[in-house]
Amino acid sequence: MPAVIITQLRWLDRVEEPEALSDKLLEMITVTSLSIQREIIGALPEIVTDNQHEHVAKSLKEMLFEDPQLTVCILDSLANLNVSSQLLAEIRTSVMKILPSTKSSQLAVVLRFLLHSVVPGNAMEVVAEIRDNLDLASSLPMHTSTPAASSSSRAANTSEGELLAAQALQASLRYQKCIGDAWMKVIELLPTVERHKSLDLLMLFILHQCPGRHKGVEALIRSKCRDGFFLPDLVETAFLSHVQALKEYFASILSVAESLLRSMDGAVAMFAQTLYQQVFLNFAVFHQQEVIGALVTHVGGGQSHEVDAALNVLSYLVDTQPMAVSPFVVFLKGMLDYLENLSVTQLRRLFTLLSQLAFCGDCDASHVADDMHIIVRKQLTNSKLRYKRMGIIGAVAVIGAMASTSGGDSEAVTSTESSQPSTLSGHTYEQTVSLLDMVRTNCAQHPLAASLFYDELTAIVCRGRLDMKVLTWIADCVVADFQDAFLVEADTVLQGSAPLELGLAYNLDSGDEGSVALNLVPLLEKMPAASLSARLSDQTCPTLSLISMPSHFSLLQHCEKIQHAQSLEGIDALLGCPVVLCAESVIQRFASLPTNQRLRICASLLLAINWCREVINAFSTQQDGEMALKVVRRLQNITHLEQVSECCMAATPSFVPPLAVFDEDVAVKSVGDVIATITAAPGAGGSAKRGRKPTKKKKLVDDTIAGAEELSSQQDIDGSIAASASSVPAASSAPALPPNSSILSHYRPCVRELDLDVFCLLQHTCITKKEIASGKHSERTEAIRMQPPQLLFLLSDLQRKVDHTLPATASSRGSFLKAKHRGTPSGFTLLQRFKPVEIAQRLVEMLPWLCDHLEWAHEILQMSNEAAVQKLDGGDDDEDDAVDDACLDLDCNEEKTMRDIYRKIMKIVSTLLSWSGLSALKEVRRGIYRAFASRLDSGDGSRNQRLSYLASQSFQYLQNFRTTLPDLKSATLLCQQLQILCEQADGSQLSSELSDVAGSFLQREWPSEKKSTQANESLVFLLELHITRANDSLSVMEAIAGQAAPELLSADVHQTSLYPTLTKLSFPSFYRCLLQELVALLRSQPSPKAGDPMEVKRDQLTKLQLCVGVFYILINLVKAFDVRPVLGNALKYGRMFVETFLRLGMPVLDSAFRVYKDDVQSLLKTL
């Protein structure tokens, strides 16, 4: 009956008393039941007259907060009322207040009302408020199931309101372009990682389905990934919170993932990988099949980075969800058709994941095992090395899967043979041994193939998952012949034929009788001379080749560790045994030796380096003190050998070093080609102008030989090594090569890689030559100490590893920090066993040691600088004696080494702090900040402190090193570190201190450097920090433009006194940065509002006056500096300044004109 009565009141032709009718209807709402209330509210727009719409709307607005059950009908009624824009804004504000508490079933109606009231003028404001107040995750029941749970169980717990809300958003985006543009702009302007929500991803996928927005959405996601805002955690949260809605947009998700996975940017590709993973883990079987098909297509795409990313996803899925992947093994098997297009690393990953599926007893993919065996046997018997290498990798992957223990954890590495019984069946054991024997037989005549076999076998042994019976067979049958092949009794070494007299070098066990020696040069003499003039490793050899010696020893020591609980006492004689090399007299006559003998000497030196590297890899983790001392001395041997080999190789241009990394397709150049590349490099002094006569190669060889003949013997700390080291002269850089150049740095594939465990040597302190001469070293004979060259060697290698593994975000990576792209880097095979997170955790463990070395170098350089200042000031002798003599008399080479150490540590710390994945690892960040904060000796127990406090303490610690920075690049790295810490600490005081630090670097005179893009960009980076982080940015800009820059107007002034870095060469960079920051500062000014008090208007006017004043000074400088870069920047940023002033500044002038008429007129005249 009530519904019939209300129906009769609809659409009346005439209402006698409209106001009384509307009041009576509103009164009835308060006293009737819920159903009648809904009927009355829904009929109000059709009953009341137009002049009563505002009155009714105000009353309904008040009812929104009284009864949530009436929200839907009230909003439907309000949407049909004709009200003013001001009242509509008030209603929208009221609806925004109830949005966070709205039930999921009502969200669609609320969102539809809010978006229906949007006009282009307020679209961004409304969308930003909706985004801030809308939280679908809290409106829906949280999913507590694991990612492996079926999607159907999740859908049962998810409200249909999520789907309706997503559909409401999609409808508004499709039919109102301004709303879509506003959503894109709001998401684009989010400043920090914390401000981004899972809702943003959902909205971007909804936008992607709208016609014409595909490219824009993908470009925005790429930008967010590069800036480090879209992290894998955000993707996981989105799928956890909105899985039911995301299923509706599967096509968009798959399209975005396919596009982003092809990106060469690591952060973008990681985002796409996470999308694929989460879709497979959370969606239905049909979607999983589409994901597998897309990944297989990526593998066949041909682009190396795309293949790597797709294999990363497949490996993750096979490791975590083998049962879910096994139904699609037919698709995965199709990747075997692409083997010829894959690199060795990609082949290894492909064979590994297929072997896991084929030989996992729980998976229904055992039929793949037969195909794997057929392919492996076919490739192993192929005579071409390329296919044989595929067979070796596939066979070892099959062996690793077949002989894997059931436990399969890392604890197996420390177990002994007796405590870990075999669980392998007899048939499987016979198959495994048969396959091992077949690989060994087919590789016997090919040194490169044998070396790759040893390295691949070492990799699966290191995992600790190999059955002990198989491991014992490997130890007995594969590596047992190492002693007979490469070792000889030290006292029975025969002299080589003249002029290659032999001697025992680098003997650490000279007092032991019956010791063994590495039989290096005699084995080289047995090899044909033709193999040395081209590529040593290309020749087939019926006996074991020296090329495989480092790989052979690596497999030997890993088997020994696993069989004897990480102990190497059984082979400890190899740590200190000497190496059979050419005698000192041969090296002294190097200039007169024939070419084939020079080739043998160069090859022997390089093989000796690789031997020492593998020895350090093996024994660096041993706890015995004597072994640790010998490891440090082996490190000294490496640095000495590298110096000698640099000279000998430079004097032998035809030498082509043998490969030491066998899982890459590398074309090794001759030494002569490498020297030509070094001397022709920009800035190396070898890039002659056109028409200039090139330097003759003969002159280069003669100079290098002359330099080698003048070298003296290396003096080591221990006398036992000095005797053997004196047989090989310590070489300096070849005179013909540019400074800081190295030939060996161009032969990374020819040098064995250092394991991460080697960097435990960083825990040993360092000692200078002056301290050794002063006798301080003898006072601490119990301590193991390195010398600066050895420390620099370790830090250089660690920096390469960190740079390769931990890429920086785009926001924290300047172009001055980018390494030039030179293709795929070599020498990171061992590093690929670890995830970036694991490497970051290892690096955190090393931070205390790095801080020790950084503080030591800081102290040495500080005292050296003080001594230099005293000498320049003509101080008394007594004052000079007061400074520690150990730090004063640093020779040029040692001081340069100290500064290089300083740079390396700064670069490592900077790379770690700017790593793109660090923001998602709170505990790793806490470990980093705690390591720095603990150095301040505050004694307040930094373990339980807040993260922001630890970041502020780290800031205080690192800024203490600003006084001894060696160059401008190191200053830039330090400022980058302080900037990251300042953002984590959230302190305005730190921001001001950062500005002061950057300003002090700009006010410091650095060593003169050649004009380069990197130097200018470093100055721009420091200037931006100095301005943006200052409490009064305009004052800083006014000081630079009004005081410092005019000093350059004098003809005899090349740099300013206030800012020595501001020179006539760097002025265009300073000028561009000042204009750019001035425009940014003007854009950041808030727009005036009608209700602003007069004080606010006065402050806005004052800031405008200062901005215009600085702009006036900068434009006037163009008259004195009328070069093209300055003119171009003045035109570009001048136009931007005027446009911004008209848009944001003129409303301020309008609002303040009545009160501050004279000031406004003066400002306009100045502009």
# chains A, B, ... in the order shown; residues from 1 in each chain; ligands from 1
call {"tool": "residues_around", "arguments": {"residues": "Phe453 in chain A", "least_positions_apart": "6", "cutoff": "9 Å", "atoms": "only C-alpha atoms", "output": "short mmCIF file (atom, residue, chain, number, x, y, z; two decimals) with all heavy atoms, in the first residue's frame"}}
result
data_model
loop_
_atom_site.label_atom_id
_atom_site.label_comp_id
_atom_site.auth_asym_id
_atom_site.auth_seq_id
_atom_site.Cartn_x
_atom_site.Cartn_y
_atom_site.Cartn_z
N ARG A 389 79.53 -28.89 -26.32
CA ARG A 389 79.30 -28.10 -25.12
C ARG A 389 77.84 -28.19 -24.67
O ARG A 389 77.54 -28.28 -23.47
CB ARG A 389 79.69 -26.64 -25.39
CG ARG A 389 79.63 -25.75 -24.19
CD ARG A 389 80.37 -24.46 -24.44
NE ARG A 389 79.99 -23.84 -25.71
CZ ARG A 389 80.62 -22.80 -26.24
NH1 ARG A 389 81.67 -22.29 -25.64
NH2 ARG A 389 80.22 -22.28 -27.39
N ILE A 392 77.49 -31.51 -22.91
CA ILE A 392 78.09 -31.53 -21.57
C ILE A 392 77.15 -30.88 -20.56
O ILE A 392 76.89 -31.41 -19.48
CB ILE A 392 79.45 -30.82 -21.58
CG1 ILE A 392 80.45 -31.61 -22.42
CG2 ILE A 392 79.98 -30.62 -20.17
CD1 ILE A 392 81.74 -30.87 -22.69
N ILE A 393 76.62 -29.71 -20.92
CA ILE A 393 75.73 -28.99 -20.00
C ILE A 393 74.48 -29.80 -19.74
O ILE A 393 74.02 -29.92 -18.59
CB ILE A 393 75.40 -27.61 -20.58
CG1 ILE A 393 76.67 -26.76 -20.67
CG2 ILE A 393 74.35 -26.90 -19.74
CD1 ILE A 393 76.49 -25.46 -21.40
N VAL A 396 75.35 -32.98 -17.52
CA VAL A 396 75.58 -32.67 -16.11
C VAL A 396 74.28 -32.28 -15.43
O VAL A 396 74.05 -32.62 -14.25
CB VAL A 396 76.63 -31.56 -15.97
CG1 VAL A 396 76.79 -31.13 -14.53
CG2 VAL A 396 77.97 -32.03 -16.52
N VAL A 439 80.56 -38.85 -20.76
CA VAL A 439 80.98 -37.46 -20.91
C VAL A 439 82.50 -37.36 -20.79
O VAL A 439 83.16 -36.66 -21.57
CB VAL A 439 80.30 -36.58 -19.86
CG1 VAL A 439 80.78 -35.13 -19.97
CG2 VAL A 439 78.79 -36.63 -20.00
N ARG A 440 83.06 -38.04 -19.80
CA ARG A 440 84.51 -37.98 -19.60
C ARG A 440 85.25 -38.51 -20.82
O ARG A 440 86.27 -37.93 -21.25
CB ARG A 440 84.89 -38.78 -18.36
CG ARG A 440 86.37 -38.68 -17.99
CD ARG A 440 86.70 -39.55 -16.82
NE ARG A 440 86.45 -40.96 -17.11
CZ ARG A 440 86.91 -41.97 -16.35
NH1 ARG A 440 87.64 -41.71 -15.28
NH2 ARG A 440 86.63 -43.21 -16.66
N CYS A 443 85.16 -36.08 -23.79
CA CYS A 443 85.87 -34.82 -23.58
C CYS A 443 87.37 -35.00 -23.44
O CYS A 443 88.09 -34.00 -23.29
CB CYS A 443 85.34 -34.13 -22.31
SG CYS A 443 83.61 -33.65 -22.40
N SER A 551 90.33 -25.79 -13.57
CA SER A 551 89.01 -26.41 -13.39
C SER A 551 89.12 -27.75 -12.70
O SER A 551 88.29 -28.12 -11.85
CB SER A 551 88.33 -26.56 -14.75
OG SER A 551 88.20 -25.32 -15.40
#
call {"tool": "residues_around", "arguments": {"residues": "range 208-218 of chain A", "least_positions_apart": "5", "cutoff": "12 Å", "atoms": "only C-alpha atoms", "output": "PyMOL selection string"}}
result
chain A and resi 167+169-177+179-181+183-185+187-188+200-203+223-225+246+248-261+263+268+271-272
call {"tool": "select_by_dssp", "arguments": {"residues": "range 907-948 of chain A", "states": "alpha helix (DSSP H)", "output": "list in words"}}
result
Lys907, Ile908, Val909, Ser910, Thr911, Leu912, Leu913, Lys922, Glu923, Val924, Arg925, Arg926, Gly927, Ile928, Tyr929, Arg930, Ala931, Phe932, Ala933, Leu947 and Ser948 of chain A
call {"tool": "write_last_selection", "arguments": {"atoms": "C-alpha atoms", "output": "PDB file, in the first residue's frame"}}
result
ATOM      1  CA  LYS A 907      81.665   2.940  -5.020  1.00  0.00           C
ATOM      2  CA  ILE A 908      80.765  -0.377  -3.380  1.00  0.00           C
ATOM      3  CA  VAL A 909      78.817   1.310  -0.577  1.00  0.00           C
ATOM      4  CA  SER A 910      77.076   3.604  -3.058  1.00  0.00           C
ATOM      5  CA  THR A 911      76.050   0.690  -5.277  1.00  0.00           C
ATOM      6  CA  LEU A 912      74.642  -1.193  -2.302  1.00  0.00           C
ATOM      7  CA  LEU A 913      72.622   1.761  -1.013  1.00  0.00           C
ATOM      8  CA  LYS A 922      63.723  -3.945   5.425  1.00  0.00           C
ATOM      9  CA  GLU A 923      66.014  -6.286   7.359  1.00  0.00           C
ATOM     10  CA  VAL A 924      68.839  -5.862   4.874  1.00  0.00           C
ATOM     11  CA  ARG A 925      68.498  -2.086   5.153  1.00  0.00           C
ATOM     12  CA  ARG A 926      68.520  -2.372   8.923  1.00  0.00           C
ATOM     13  CA  GLY A 927      71.714  -4.424   8.729  1.00  0.00           C
ATOM     14  CA  ILE A 928      73.387  -1.805   6.524  1.00  0.00           C
ATOM     15  CA  TYR A 929      72.406   1.116   8.727  1.00  0.00           C
ATOM     16  CA  ARG A 930      73.328  -0.768  11.876  1.00  0.00           C
ATOM     17  CA  ALA A 931      76.797  -1.503  10.505  1.00  0.00           C
ATOM     18  CA  PHE A 932      77.391   2.215   9.941  1.00  0.00           C
ATOM     19  CA  ALA A 933      75.691   3.417  13.127  1.00  0.00           C
ATOM     20  CA  LEU A 947      65.207   2.355  11.103  1.00  0.00           C
ATOM     21  CA  SER A 948      65.003   6.136  10.701  1.00  0.00           C
TER      22      SER A 948
END
call {"tool": "closest_residue", "arguments": {"among": "A:Val656, A:Ala395, A:Met898, A:Ala618", "to": "Pro749 in chain A", "atoms": "only C-alpha atoms"}}
result
A:Val656
call {"tool": "residues_around", "arguments": {"residues": "Leu761 in chain A", "least_positions_apart": "2", "cutoff": "12 Å", "atoms": "only C-alpha atoms", "output": "PyMOL selection string"}}
result
chain A and resi 616-617+619-623+627-635+754-759+763-766+784-787+790-791+793-795+798+846+849-850+853
call {"tool": "atom_distance", "arguments": {"atom1": "CA of Pro1007 in chain A", "atom2": "CA of Leu994 in chain A"}}
result
22.6 Å
call {"tool": "residues_around", "arguments": {"residues": "range 742-747 of chain A", "least_positions_apart": "5", "cutoff": "12 Å", "atoms": "only C-alpha atoms", "output": "VMD selection string"}}
result
chain A and resid 602 605 to 606 609 639 641 to 653 655 to 661 666 to 679 684 732 to 737 752 to 753 793 796 to 797 800 822 825 to 827
call {"tool": "closest_residue", "arguments": {"among": "A:Leu1058, A:Glu855, A:Ala165, A:Gln597", "to": "Arg112 in chain A", "atoms": "only C-alpha atoms"}}
result
A:Ala165
call {"tool": "closest_residue", "arguments": {"among": "A:Ala868, A:Val325, A:Ala1045, A:Ala857", "to": "Phe280 in chain A", "atoms": "only C-alpha atoms"}}
result
A:Val325
call {"tool": "closest_residue", "arguments": {"among": "A:Asp996, A:Glu90, A:Asp624, A:Asp308", "to": "Leu1022 in chain A", "atoms": "only C-alpha atoms"}}
result
A:Asp996
call {"tool": "closest_residue", "arguments": {"among": "A:Glu1047, A:Glu162, A:Glu125, A:Asp265", "to": "Ala309 in chain A", "atoms": "only C-alpha atoms"}}
result
A:Asp265
call {"tool": "residues_around", "arguments": {"residues": "Ser548 in chain A", "least_positions_apart": "3", "cutoff": "8 Å", "atoms": "only C-alpha atoms", "output": "ChimeraX atom specification"}}
result
/A:447-448,450-451,454,544-545,551-552
call {"tool": "closest_residue", "arguments": {"among": "A:Phe1137, A:Phe553, A:Phe359, A:Tyr1059", "to": "Cys612 in chain A", "atoms": "only C-alpha atoms"}}
result
A:Phe553
call {"tool": "decode", "arguments": {"residues": "range 280-369 of chain A", "atoms": "C-alpha atoms", "output": "short mmCIF file (atom, residue, chain, number, x, y, z; two decimals), in the first residue's frame"}}
result
data_model
loop_
_atom_site.label_atom_id
_atom_site.label_comp_id
_atom_site.auth_asym_id
_atom_site.auth_seq_id
_atom_site.Cartn_x
_atom_site.Cartn_y
_atom_site.Cartn_z
CA PHE A 280 50.38 -18.61 -12.65
CA LEU A 281 50.12 -18.98 -8.87
CA ASN A 282 46.70 -17.38 -8.43
CA PHE A 283 44.69 -17.96 -11.61
CA ALA A 284 43.01 -21.03 -13.10
CA VAL A 285 44.50 -23.76 -15.30
CA PHE A 286 43.49 -22.02 -18.51
CA HIS A 287 45.40 -18.90 -17.47
CA GLN A 288 48.39 -21.02 -16.42
CA GLN A 289 48.54 -22.58 -19.87
CA GLU A 290 48.51 -19.13 -21.47
CA VAL A 291 51.38 -18.05 -19.19
CA ILE A 292 53.50 -21.09 -20.08
CA GLY A 293 52.82 -20.56 -23.78
CA ALA A 294 53.83 -16.90 -23.56
CA LEU A 295 57.05 -17.76 -21.70
CA VAL A 296 58.00 -20.40 -24.29
CA THR A 297 57.42 -17.79 -26.99
CA HIS A 298 59.75 -15.40 -25.15
CA VAL A 299 62.45 -18.09 -25.03
CA GLY A 300 62.23 -18.42 -28.79
CA GLY A 301 62.29 -14.65 -29.27
CA GLY A 302 66.03 -14.50 -29.84
CA GLN A 303 66.80 -11.50 -27.60
CA SER A 304 69.22 -12.52 -24.85
CA HIS A 305 67.70 -10.38 -22.07
CA GLU A 306 64.20 -11.56 -22.99
CA VAL A 307 65.27 -15.21 -22.89
CA ASP A 308 66.97 -14.72 -19.52
CA ALA A 309 63.86 -13.15 -18.01
CA ALA A 310 61.57 -15.91 -19.32
CA LEU A 311 63.89 -18.62 -18.03
CA ASN A 312 63.95 -16.88 -14.64
CA VAL A 313 60.17 -17.20 -14.41
CA LEU A 314 60.15 -20.82 -15.56
CA SER A 315 62.92 -21.75 -13.11
CA TYR A 316 61.01 -20.13 -10.25
CA LEU A 317 57.80 -21.97 -11.16
CA VAL A 318 59.57 -25.32 -11.51
CA ASP A 319 61.36 -24.85 -8.17
CA THR A 320 58.27 -23.78 -6.23
CA GLN A 321 55.37 -25.47 -8.06
CA PRO A 322 56.64 -28.52 -9.97
CA MET A 323 53.31 -30.33 -9.73
CA ALA A 324 51.45 -27.37 -11.24
CA VAL A 325 53.97 -27.04 -14.09
CA SER A 326 54.21 -30.72 -14.99
CA PRO A 327 50.92 -30.83 -17.01
CA PHE A 328 52.45 -28.28 -19.41
CA VAL A 329 55.75 -30.10 -19.94
CA VAL A 330 54.75 -30.75 -23.56
CA PHE A 331 54.92 -27.01 -24.18
CA LEU A 332 58.21 -26.70 -22.31
CA LYS A 333 59.76 -29.48 -24.34
CA GLY A 334 59.31 -27.30 -27.41
CA MET A 335 62.10 -25.06 -26.12
CA LEU A 336 64.60 -27.75 -27.10
CA ASP A 337 64.12 -26.55 -30.69
CA TYR A 338 65.80 -23.25 -29.74
CA LEU A 339 69.04 -24.69 -28.33
CA GLU A 340 71.28 -23.27 -31.05
CA ASN A 341 70.09 -19.73 -30.30
CA LEU A 342 70.79 -19.90 -26.55
CA SER A 343 73.93 -18.95 -24.67
CA VAL A 344 75.71 -21.38 -22.39
CA THR A 345 74.12 -19.86 -19.28
CA GLN A 346 70.68 -20.09 -20.85
CA LEU A 347 71.31 -23.67 -21.92
CA ARG A 348 72.25 -24.55 -18.36
CA ARG A 349 69.05 -23.10 -16.96
CA LEU A 350 66.89 -24.74 -19.61
CA PHE A 351 68.41 -28.19 -19.12
CA THR A 352 68.23 -27.82 -15.35
CA LEU A 353 64.50 -27.05 -15.24
CA LEU A 354 63.67 -29.78 -17.77
CA SER A 355 65.76 -32.28 -15.80
CA GLN A 356 63.97 -31.34 -12.59
CA LEU A 357 60.63 -32.08 -14.22
CA ALA A 358 61.85 -35.21 -15.99
CA PHE A 359 63.44 -36.92 -12.98
CA CYS A 360 61.13 -35.72 -10.21
CA GLY A 361 59.21 -38.75 -9.04
CA ASP A 362 56.15 -36.74 -8.01
CA CYS A 363 55.66 -35.12 -11.42
CA ASP A 364 53.93 -36.63 -14.40
CA ALA A 365 56.73 -35.67 -16.79
CA SER A 366 58.93 -38.73 -16.77
CA HIS A 367 58.46 -39.21 -20.54
CA VAL A 368 60.73 -36.20 -21.05
CA ALA A 369 63.67 -38.18 -19.60
#
